[in-house]
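*Asks:* Take this structure first; my questions come after.
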Amino acid sequence: MNLKTWSRVGIPALLAASALALPVLAQTATPAPDAAAAAAAAPVINKGDTAWMLVSAILVLAMSVPGLALFYGGLVRSKNMLSVLMQVFYSVAIVGIIWVLYGYSLAFTGGNDFFGGFSKAFLKGVTVESAGGTFSVGVAIPELVFVAFQMTFAMITPALIFGAFAERVKFSAVVLFVPLWVTFIYFPMAHMVWYWAGPDAVDAAAKALAAADAGGKAAAQAALDAVLSDAGFLYKMGAIDFAGGTVVHINAGIAALVGCLIVGKRTGYGKEAFQPHSLTLTLVGAGLLWVGWFGFNAGSNLEANGLTALAMMNTFIATCAAALSWMIVEWLAKGKPSMLGVVSGAIAGLVAVTPMAGFAGIMGALISGLVVGVVCFFFCTTVKNAFGYDDSLDVFGVHGVGGIVGAIATGIVVSPALGGTGIYDYTTGAVAEYNMATQVIAQIKAVLFTIVWSGVGSAIVFYIVHAVVGLRATVEKEREGLDITEHGERAYHS
Amino acid sequence: MNLKTWSRVGIPALLAASALALPVLAQTATPAPDAAAAAAAAPVINKGDTAWMLVSAILVLAMSVPGLALFYGGLVRSKNMLSVLMQVFYSVAIVGIIWVLYGYSLAFTGGNDFFGGFSKAFLKGVTVESAGGTFSVGVAIPELVFVAFQMTFAMITPALIFGAFAERVKFSAVVLFVPLWVTFIYFPMAHMVWYWAGPDAVDAAAKALAAADAGGKAAAQAALDAVLSDAGFLYKMGAIDFAGGTVVHINAGIAALVGCLIVGKRTGYGKEAFQPHSLTLTLVGAGLLWVGWFGFNAGSNLEANGLTALAMMNTFIATCAAALSWMIVEWLAKGKPSMLGVVSGAIAGLVAVTPMAGFAGIMGALISGLVVGVVCFFFCTTVKNAFGYDDSLDVFGVHGVGGIVGAIATGIVVSPALGGTGIYDYTTGAVAEYNMATQVIAQIKAVLFTIVWSGVGSAIVFYIVHAVVGLRATVEKEREGLDITEHGERAYHS
Amino acid sequence: MNLKTWSRVGIPALLAASALALPVLAQTATPAPDAAAAAAAAPVINKGDTAWMLVSAILVLAMSVPGLALFYGGLVRSKNMLSVLMQVFYSVAIVGIIWVLYGYSLAFTGGNDFFGGFSKAFLKGVTVESAGGTFSVGVAIPELVFVAFQMTFAMITPALIFGAFAERVKFSAVVLFVPLWVTFIYFPMAHMVWYWAGPDAVDAAAKALAAADAGGKAAAQAALDAVLSDAGFLYKMGAIDFAGGTVVHINAGIAALVGCLIVGKRTGYGKEAFQPHSLTLTLVGAGLLWVGWFGFNAGSNLEANGLTALAMMNTFIATCAAALSWMIVEWLAKGKPSMLGVVSGAIAGLVAVTPMAGFAGIMGALISGLVVGVVCFFFCTTVKNAFGYDDSLDVFGVHGVGGIVGAIATGIVVSPALGGTGIYDYTTGAVAEYNMATQVIAQIKAVLFTIVWSGVGSAIVFYIVHAVVGLRATVEKEREGLDITEHGERAYHS
Amino acid sequence: MKIVMAIIKPFKLEEVRDALTGIGVHGLTVTEVKGYGRQKGHTEIYRGAEYAVSFLPKLKIEVAVPSDQVAKVVEAITASAKTGQIGDGKIFVFQIEHAVRIRTGETDADAL
Amino acid sequence: MKIVMAIIKPFKLEEVRDALTGIGVHGLTVTEVKGYGRQKGHTEIYRGAEYAVSFLPKLKIEVAVPSDQVAKVVEAITASAKTGQIGDGKIFVFQIEHAVRIRTGETDADAL
Amino acid sequence: MKIVMAIIKPFKLEEVRDALTGIGVHGLTVTEVKGYGRQKGHTEIYRGAEYAVSFLPKLKIEVAVPSDQVAKVVEAITASAKTGQIGDGKIFVFQIEHAVRIRTGETDADAL
Ligand SMILES: Nc1ncnc2c1ncn2[C@@H]1O[C@H](COP(=O)(O)OP(=O)(O)O)[C@@H](O)[C@H]1O
Ligand SMILES: Nc1ncnc2c1ncn2[C@@H]1O[C@H](COP(=O)(O)OP(=O)(O)O)[C@@H](O)[C@H]1O
Ligand SMILES: Nc1ncnc2c1ncn2[C@@H]1O[C@H](COP(=O)(O)OP(=O)(O)O)[C@@H](O)[C@H]1O
């Protein structure tokens, strides 16, 4: 589900594989070590895991529709409500179609370090019998469950972006943006971070190496190296990311920042009051996001076990902590604690805990939550106002910044000395030695790569959309509201 | 859970059983083949399946309350909001009570081809130990989970109907209608479509036949025939329906059409504007319907396995496809793509995928979704306006028409040649030969039967209700709004 | 999860243990019988149970946010909406933090009969490997799942209370109240009711006693007594409570009554109209409460099996019954059936079924539901008006009264003669003899104890809060609305 | 120049608007108001709390017209807003001293 | 015949209505409005955005009465709507030229 | 003493308020209204149902001022509310006979 598996393969394996890592494109010629994988005993599917993952996929859908739709929708003026709901629903719908046509294949088949191939386009070969690996050796789930679960991640990510330039873009721009962005930014990112050969392949190759006699050592080592190199670029960089801090949150947060800079401010920004039309809806959305996020984070374990429960507890506690720390700092700084502040903090906590959900100890998650609540508060208020960009719904301030804080903090809280789980090494079948400096640097590198990838890539996509259909609605349409002008309907009547 | 099991018994079995099928009432004298069933090894209950089915029942409840209540409620004027919410909640509550008193027994015990008996009235004999069969030989779930799951289907179906004549009927009419309709229309329909002897009984009888020596052949064949004939009328007709296209959607859609014709148009129809009072709520409702529908469709597999995941993926993709196809055709036809259009398309897709969820390949579901979005758009706009009936919330246009499209398309997309699963034959333990013409004809026959059954039966029930308490509120009450006049409260204050 | 386990230990064990029960504090010196427990075979974790319990914890969160928040929020005037949402969200967040710091430890470690110790403070020693017992011998779940599940109970309980004095208390009072109340009232209560040695310990000790030879009999008996005495005060009193009728509902209901008496009436009470600002939101909240309550009640079985399904069915049917009985009695008494009445009845039914969920037969739940709907209607209308206290959202009338009705009725409907499950005796491994008088008296004693504990304790907490920060907002702030004055924001704009 | 202000039943708006356009009046302003008068209200019950609601939803229509059209306008509104039932509403006529069209600065009769 | 228009604090509505019925006035029309004046507003903060809100919720009451009752009506409203705090509101009196009851066509004083 | 009533486009409120405070007018009352006039409305479509919506959201501003300030006030509103596009709105001026400040009982010019 994420970078963590790399982490479990461990630093030693990283060293072993590093020679292969560059030049990455050359490396794609390496034959996929299917034979080694096949040699392992067929992994077993447990219906408890399947039940949990079915539920998790549903929960992540609930995050988008109606969760995110309401969270964002409540924050805009009522004249633009439907445009927000529409953007979210459209993203979900179009990404679902693209996912089964070629998205899953691009993200989750072997290929090169940056993107997969088309071997599973149209979900070719993925049947009710297909099994997909988890993060435990010998444990599998139906591949179609994995397809569904991952699809829901792809669905919500582009929808997150639109919050940054809500209330002013043309729907046709959204229609064009989503397919381009997921195809060229998201799927590669998912591949780079989440694609790997799987625990059974690594385990089998490592065991084969251990069992090899002197003569077979070199071949077995080569086979193991091949298995280890059959993974995405960031995965091999050694960063860890339990449930998508980079792929989803930093990725969307940066695209959002770029987008709102390119699109420009809302007409009347700084002069007219842009009050949220229904904070009630925003609370409902935040509640559903939290509820659904357990599917996102705890579901990312792909199994129903004690580690899943840890990811769940961390997702609870970081959220509580960030909600409270935002509340307190706002109370101190502005004189009153607001409900919007509490739920904004909660979302910041959820974002930050995403990469660390299954790595941090609960106290680590708690402290990370406290920190991210304060940092995001600072970004959404002081920094944004200082720079004067109009990130309407604080996508960058919450998802971008929260994601970065979380990704880096993950490198710290994973430490077994701080109550974290440490990083499992599949080649030795044990938790690896942990070095905080190494890990934090790996995390920072992954963050920087993501910022550049998403920043540059998204800018290009925005300019293409601008050139083809135009990004912005006219000022008149903006004034009248996008609901009437773009969709021919209004959200509320008596 | 549905007709599919028949399908799995297969065409050969159909032929074998066909002699028994008519005259159906005569056939009820056949002794239930309990002995054969008992001979089979006791099926095993897996807690993963149980967990999934518990969740599925919950999800289907969420479809009604708050899902459907909001989806419908958002579409009426605010003065009638509570009346809609009340109708849905009442349906759920009264059907729950009726279900445990006699509904479950009428639907899911042996009896004749059209309805069951009273042997499980008051859930007599259904204990925490009782096991109910699934669609896999040797796999069971606690019968009480099945009771709960099926109950939620019975709860939502009558509630669907009220959308067609919302904003004008008396609450007392609703109070009387629901018990009558579920008793005389729904339970028989559920029995006809979903009652059968179960996989273990069929499997055991088939194995006994295979093992029988020359002397025992005839007796064993008779025993197998008896098992196969212990099923509902439509079940034996050979149509397939994974999760209730006929029982729920066509049944409710036709009753809705009949109802809105009998009740008549809303006062002011065509003159005053009947704008939805909150499309936001409609979106929330649609989102919850989608989320809950995974319980409905994927839960209908009664297990948590790869086929469940297929049903889930189909439920995702058909919905996405229909949302987009409605959006596109509306954009072309009306000049603007509306949010209500997108969610209407999504619901149409959900309806259409219901009967095919576990039979279609994902590409089959995708194409079915694209088609149904366009067809339902056409019905809800052009056809309805042409005929001038006031199906307020398009229950017929979405559930009736979408259900019919889905039921017939199921006969096509189940084809293994088109990526479908084919139809399993429990007597041979393998997927049966598939003949598209045969299957599509069976589907059409089941659709026609349902239209007649629901159309005639519902009309009788409406006239009874009309005679006893009257269907329609007075014009003054309609003007003032049903919330005040029927329920003494208003939905919104400041 | 609750008192039921005591019940399963049975009356004989109660007698055996009763000598130890008083004086309870003296008894805390008894060494915990860990050795005996350890002697038993390690219980097995089933992923189906884990999946279900993960889901249950999520569902209970959904009850608070957004469920309860909306149910309550819809009932207040719009100018106080955010204050209600804020109070609920704050409760959830702060209790989460306290729970992992010391709450879980105080509630669920051995100590004395009234509260546990600090041995698991900061969740020390609770790892992804830790297993927690269920109510079946030999069946465990990851302890972290239990920690999460129980946490969600602690989160929602204080939030329930605020409904009684909504629209008039200072947020700072809420901020102080919650930590004090959960620490001094809730955690002890949870310990008293829910803490016990677990099925495996009892079973092992009972088996050791059975196997002991003449010489070892006394020691084995002492060991068994020690195991049985390692439990909370109310647990040992012999009352049964499946999912928290006492700990959650009576506890919160009484605190609410005390609170609204101390805080006083809303300004304008009896003169101005305090109409609910959105019954739509109240319906949504009620729906989500119902949906989430399956996690609460059926999740309290800690496993996914037939008994879980029974708890689910009871939770369905009692709710339906109470919704209908409130509707009917209101229709008769007031002339019109209201939607608020129906959902109020539903919540009353949910409250009442909570203690009996896994004990009652379905007909017992149905009748209990019918009764509680009428009783709560009577309290929320006639009794409240007669006494003239301003329990704004009827927390006492629904949770307090409904909880009491349910707790006492549980003693009746558990009767095997009435279709109940009876009470399991872990020392004999069978359902114990049942005596209705004994059981009902035990139930009443537990109710009375809870009333006194919560009444006195909560009053003290309220007066402390009053002394430290003051309870009530000024009349001016109340007039203007707490949203603006306490939180600096408004729920709705155009 | 006068302003005709009418309080009417909400569902009559379209008819009144049509009646006015029928006599050549193409501008008006509508406000949602609540009216108290002879028309009986209703009782709302929320659990134990009963409220007699005597303010009923009405619409206020304001039409500015040259003085010579006042009679015609009053008549048109009266005819189209009437149901004959209590609560049909009132019409009040005021004098306007001065009128301006913001867009053009035209004044008085030209401003309408 | 005059119309008395009063801007009052919202929670005073019931008292004003009672005061008016107390002096025999049984009809009035209420509009939700926002007022700007000496009374200080408040600041709303939504994350980084702070808005000084100077428009406060008020109710506008319009009562048409025969000219001779105007003084009594003004007095009744003044007495019942007063809290003594800034923002209590204003009363304005206008001349009505003509009044009609839509239901009956009665005019002027009879129309009230 | 007169009341100046203006119908303006909603997003112009802040500008108008600023213009008025600029000329020393510190009190006004605002009502949300819907206007019908020359400005074209739009069509809303809900599935099969199409509605031509000709009532557009406007704000009504009422400012009571001493008679000698009327011209200045009208000018300030005209200038600040103008976009030059159809639908900018109207200004109507009425005579007030009498004014009272509820809090103090001050009357007429003192009441403003
Ligand atoms: N004296 C009055 N001043 C202002 N408005 C009034 C007055 N009397 C009645 N109205 C308005 O006219 C509406 C209708 O009046 P009502 O007495 O109910 O019936 P009718 O118009 O048939 O006499 C009221 O709801 C109120 O809005
Ligand atoms: N010049 C004015 N024209 C119209 N309405 C006014 C004017 N001045 C005040 N108001 C209305 O009266 C309300 C109360 O006025 P304000 O100056 O706040 O207090 P006070 O009534 O105590 O003088 C304002 O909110 C506004 O609605
Ligand atoms: N005769 C009228 N009486 C009252 N209000 C009017 C009248 N004519 C126009 N209005 C109001 O003025 C607004 C603007 O008028 P409109 O004709 O659209 O544009 P313009 O102000 O540019 O002439 C309308 O929406 C309506 O609220």
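Labels used: A, B, ... for chains in the order of the structure tokens, numbers from 1 for residues in each chain, and numbers from 1 for ligands as shown.
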Counting only C-alpha atoms, collect the residues of chain B whose closest atom lies at most 10 Å from chain D, and write them out as a ChimeraX atom specification.
*Replies:* /B:268,271-273,479-480,483-485,487-490
*Asks:* Taking only C-alpha atoms and all ligand atoms into account, report as a ChimeraX atom specification which residues have an atom no farther than 9 Å from an atom of ligand 2.
*Replies:* /E:6-9,33-40,54-60,84-92 /F:3-4,25-30,61-66,100-104,111-112
*Asks:* Excluding same-chain residues fewer than 4 positions from Val263 (chain A), what lies within 7 Å of it counting only C-alpha atoms, as a PyMOL selection string?
*Replies:* chain A and resi 165+259+471-472
*Asks:* Using only C-alpha atoms, which residues sit within 7 Å of region 366-370 of chain C once same-chain residues fewer than 5 positions away are excluded, as number ranges by chain?
*Replies:* C: 317-319, 321-322, 325, 349, 409
*Asks:* Next, the residues of the selection above should be written as an mmCIF file, in the first residue's frame with N, CA, C and O atoms.
*Replies:*
data_model
loop_
_atom_site.group_PDB
_atom_site.id
_atom_site.type_symbol
_atom_site.label_atom_id
_atom_site.label_comp_id
_atom_site.auth_asym_id
_atom_site.auth_seq_id
_atom_site.Cartn_x
_atom_site.Cartn_y
_atom_site.Cartn_z
ATOM 1 N N ILE C 317 -34.999 -4.013 16.062
ATOM 2 C CA ILE C 317 -36.436 -4.175 16.329
ATOM 3 C C ILE C 317 -36.907 -3.300 17.488
ATOM 4 O O ILE C 317 -37.993 -2.710 17.425
ATOM 5 N N ALA C 318 -36.105 -3.189 18.526
ATOM 6 C CA ALA C 318 -36.521 -2.320 19.624
ATOM 7 C C ALA C 318 -36.646 -0.884 19.124
ATOM 8 O O ALA C 318 -37.540 -0.134 19.536
ATOM 9 N N THR C 319 -35.763 -0.501 18.233
ATOM 10 C CA THR C 319 -35.790 0.846 17.682
ATOM 11 C C THR C 319 -37.051 1.074 16.855
ATOM 12 O O THR C 319 -37.738 2.093 17.005
ATOM 13 N N ALA C 321 -39.794 -0.519 17.095
ATOM 14 C CA ALA C 321 -40.972 -0.582 17.964
ATOM 15 C C ALA C 321 -41.163 0.713 18.737
ATOM 16 O O ALA C 321 -42.278 1.236 18.846
ATOM 17 N N ALA C 322 -40.084 1.240 19.271
ATOM 18 C CA ALA C 322 -40.200 2.464 20.064
ATOM 19 C C ALA C 322 -40.545 3.654 19.181
ATOM 20 O O ALA C 322 -41.300 4.540 19.584
ATOM 21 N N SER C 325 -44.241 3.255 18.689
ATOM 22 C CA SER C 325 -45.106 3.459 19.849
ATOM 23 C C SER C 325 -45.134 4.938 20.226
ATOM 24 O O SER C 325 -46.175 5.469 20.593
ATOM 25 N N GLY C 349 -35.674 3.834 21.972
ATOM 26 C CA GLY C 349 -35.571 2.396 21.765
ATOM 27 C C GLY C 349 -34.123 1.924 21.755
ATOM 28 O O GLY C 349 -33.785 0.880 22.328
ATOM 29 N N ALA C 409 -35.840 -3.788 32.461
ATOM 30 C CA ALA C 409 -36.464 -4.749 31.550
ATOM 31 C C ALA C 409 -35.495 -5.870 31.174
ATOM 32 O O ALA C 409 -35.913 -7.006 30.930
#
*Asks:* Write out as a PyMOL selection string all residues of region 219-401 of chain C that backbone DSSP assigns to alpha helix (DSSP H).
*Replies:* chain C and resi 219-229+233-237+251-263+279-297+306-334+339-353+362-378+384-387+395+401
*Asks:* Got a sec: who's within 8 Å of Asp108 (chain F), counting only C-alpha atoms, leaving out chain neighbours fewer than 6 positions off, as a PyMOL selection string?
*Replies:* chain F and resi 1+98-100
